[in-house]
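Have a look at the structure below before the remarks.
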Amino acid sequence: MIIRKSFKFENAHIVRGCSTQRCRASLHGHSYKVEVLFESQYLDNGQMVYDFGLMKQGMKELIDSFDHSIALWDGDDEAYIADMKRHSQRWVQLPVSPSAEQFSRVIFVMIDKLMWFTKTVNGEKMVRLSSIIVHETETGYAQCFREDAYSDIMGLIDLDKIYFSDEICQEWNDPKLWERVKSGEGFTNPTTV
Ligand SMILES: [Zn+2]
């Protein structure tokens, strides 16, 4: 069975090298919708695959990091990156360009890592991240499956090269959330949310 939870955020970017002149040469924003799909053949103690309430913690916080922030590709012009960081408190630096395709891959590896190190306490079993869908506009989206997220062809995404600005980290329940996820420290789901 597959379950799906939607999240939303507003984000600004430039996608260098794309075919659309406006998109590759001008800073602009989109109202993104992200769908997180989980699958399992089992049900937990509440006869659910995974309680949606549990997704309001680290998962929502990580995705919400992109809200009202600017996504920067570390391969972009150095002066541009420095200027954006100087003038915007909320920014996320990525090792890939912030196209919808790469956004879906980045969010996949982030959530996958988070889930891998989350200790479940309500009988959840074999819950696997199935795919991430990133809607950049009303009519266009990218869907990332596991084989896309860890594809050598598209390039492996190094979690250590994803940086969140201090202002973003300070809004998390635990400012060290990303460090905890990356190190594998993770956290234990509460018994009630
Ligand atoms: Zn765009």
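Going through the structure tokens in order, the chains are called A, B, and so on, while each chain numbers its residues from 1 and the ligands are numbered from 1 in the order shown.
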
- request: Please write out the residues within 7 Å of ligand 1 as a list in words, counting only C-alpha atoms and all ligand atoms.
  value: His13, Ile14, Val15, Cys23, His28, Gly29 and His30 of chain A

Spatial neighbours of A:Phe52, 9 Å, only C-alpha atoms, chain gap at least 3 places, as a VMD selection string: chain A and resid 4 to 5 55 to 56

Could you save those same residues with N, CA and C atoms as a PDB file, in the first residue's frame?
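again.pdb written:
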```pdb
ATOM      1  N   ARG A   4       0.344   8.921   1.010  1.00  0.00           N
ATOM      2  CA  ARG A   4       0.960  10.125   0.449  1.00  0.00           C
ATOM      3  C   ARG A   4       0.624  11.336   1.302  1.00  0.00           C
ATOM      4  N   LYS A   5       1.646  12.132   1.592  1.00  0.00           N
ATOM      5  CA  LYS A   5       1.449  13.359   2.369  1.00  0.00           C
ATOM      6  C   LYS A   5       1.993  14.541   1.567  1.00  0.00           C
ATOM      7  N   MET A  55       4.676  12.851  10.652  1.00  0.00           N
ATOM      8  CA  MET A  55       5.407  13.550   9.589  1.00  0.00           C
ATOM      9  C   MET A  55       5.493  15.053   9.854  1.00  0.00           C
ATOM     10  N   LYS A  56       4.860  15.494  10.950  1.00  0.00           N
ATOM     11  CA  LYS A  56       4.867  16.931  11.238  1.00  0.00           C
ATOM     12  C   LYS A  56       6.130  17.362  11.965  1.00  0.00           C
TER      13      LYS A  56
END
```

message: Give me the residues near A:Glu10 as a PyMOL selection string, where near means some atom within 6 Å (using only C-alpha atoms) and where sequence neighbours in that chain fewer than 2 positions away do not count.
response: chain A and resi 30-32+67-68

Next, dump the selected residues to file, keeping only C-alpha atoms, as a short mmCIF file (atom, residue, chain, number, x, y, z; two decimals), in the first residue's frame.
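Result saved to selection_0.cif:
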```cif
data_model
loop_
_atom_site.label_atom_id
_atom_site.label_comp_id
_atom_site.auth_asym_id
_atom_site.auth_seq_id
_atom_site.Cartn_x
_atom_site.Cartn_y
_atom_site.Cartn_z
CA HIS A 30 7.60 29.12 -7.54
CA SER A 31 4.88 27.85 -5.22
CA TYR A 32 6.06 24.29 -4.79
CA ASP A 67 9.93 27.96 2.37
CA HIS A 68 10.57 31.67 1.75
#
```

message: Report as a ChimeraX atom specification all protein, DNA and RNA residues lying within 7 Å of A:Thr120, evaluated on only C-alpha atoms, omitting residues in the same chain fewer than 2 positions from it.
response: /A:118,122,124,188-189

Show me a table, sorted first by chain and then by increasing residue number, of the residues of stretch 29-101 of chain A having an atom at most 7 Å from stretch 129-148 of chain A, each with its shortest atom pair and the distance in Å to one decimal, counting only C-alpha atoms and written as a tab-separated table.
```
residue	atom	partner	partner_atom	distance
A:His30	CA	A:Glu136	CA	6.1
A:Ser31	CA	A:Glu136	CA	6.6
A:Tyr32	CA	A:Glu136	CA	5.0
A:Lys33	CA	A:His135	CA	5.0
A:Val34	CA	A:Val134	CA	4.6
A:Glu35	CA	A:Ile133	CA	5.0
A:Val36	CA	A:Ile132	CA	5.0
A:Leu37	CA	A:Ser131	CA	5.3
A:Phe38	CA	A:Leu129	CA	4.5
A:Glu39	CA	A:Ser130	CA	5.9
A:Ala100	CA	A:Ala142	CA	5.7
A:Glu101	CA	A:Ala142	CA	5.2
```

Limited to N, CA and C atoms, could you put the picked residues into a file as a CSV table (one decimal), in the first residue's frame?
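And here is the file that came out, out.csv:
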```csv
chain,number,residue,atom,x,y,z
A,30,HIS,N,8.7,30.0,-7.2
A,30,HIS,CA,7.6,29.1,-7.5
A,30,HIS,C,6.9,28.8,-6.2
A,31,SER,N,5.6,28.4,-6.3
A,31,SER,CA,4.9,27.8,-5.2
A,31,SER,C,4.9,26.3,-5.4
A,32,TYR,N,5.8,25.7,-4.6
A,32,TYR,CA,6.1,24.3,-4.8
A,32,TYR,C,5.1,23.5,-4.0
A,33,LYS,N,4.7,22.3,-4.5
A,33,LYS,CA,4.0,21.3,-3.7
A,33,LYS,C,4.8,20.1,-3.8
A,34,VAL,N,5.0,19.5,-2.6
A,34,VAL,CA,5.8,18.3,-2.5
A,34,VAL,C,5.0,17.2,-2.0
A,35,GLU,N,5.0,16.0,-2.7
A,35,GLU,CA,4.3,14.9,-2.2
A,35,GLU,C,5.3,13.8,-1.8
A,36,VAL,N,5.1,13.3,-0.6
A,36,VAL,CA,6.0,12.3,0.0
A,36,VAL,C,5.2,11.0,0.0
A,37,LEU,N,5.7,10.0,-0.7
A,37,LEU,CA,4.9,8.7,-0.8
A,37,LEU,C,5.7,7.6,-0.1
A,38,PHE,N,5.0,7.0,0.9
A,38,PHE,CA,5.6,5.8,1.6
A,38,PHE,C,4.8,4.6,1.2
A,39,GLU,N,5.5,3.5,1.3
A,39,GLU,CA,4.9,2.2,1.1
A,39,GLU,C,5.2,1.2,2.1
A,100,ALA,N,13.3,21.2,-10.7
A,100,ALA,CA,12.3,20.3,-10.0
A,100,ALA,C,12.9,18.9,-9.9
A,101,GLU,N,13.6,18.5,-10.9
A,101,GLU,CA,14.2,17.1,-10.9
A,101,GLU,C,15.2,17.0,-9.7
```

task: Find the spatial neighbours of A:Arg180, counting only C-alpha atoms, within a cut-off of 12 Å - ignore same-chain residues fewer than 4 positions away - and output them as a ChimeraX atom specification.
output: /A:58,110,113-114,117-118,159-160,174-176,184-188

Selected residue, from A:Met59, A:Phe103, A:Ser183, A:Lys125, that lies nearest to A:Phe7 when counting only C-alpha atoms: A:Met59

message: I'd like to know which of A:Ser19, A:Ser69, A:Ser151, A:Ser97 is closest to A:Lys85, using only C-alpha atoms.
response: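 Closest candidate: A:Ser69.
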
task: Enumerate as a PyMOL selection string all residues of stretch 1-179 of chain A assigned to strand (DSSP E) by DSSP on the backbone, naming them with the chain letters and numbers the document uses.
output: chain A and resi 2-13+28-39+69-73+91-94+118-119+128-135+141-145+163-164

task: Considering only C-alpha atoms, return as a PyMOL selection string whatever protein or nucleic-acid residues lie within 10 Å of A:Phe66, sequence-local ones (same chain, fewer than 6 positions apart) excluded.
output: chain A and resi 8-12+32+90-92+164+168

message: I need the alpha helix (DSSP H) residues of stretch 61-182 of chain A per DSSP on the backbone, written as a ChimeraX atom specification.
response: /A:61-64,78-87,100-116,146-149,166-171,177-182
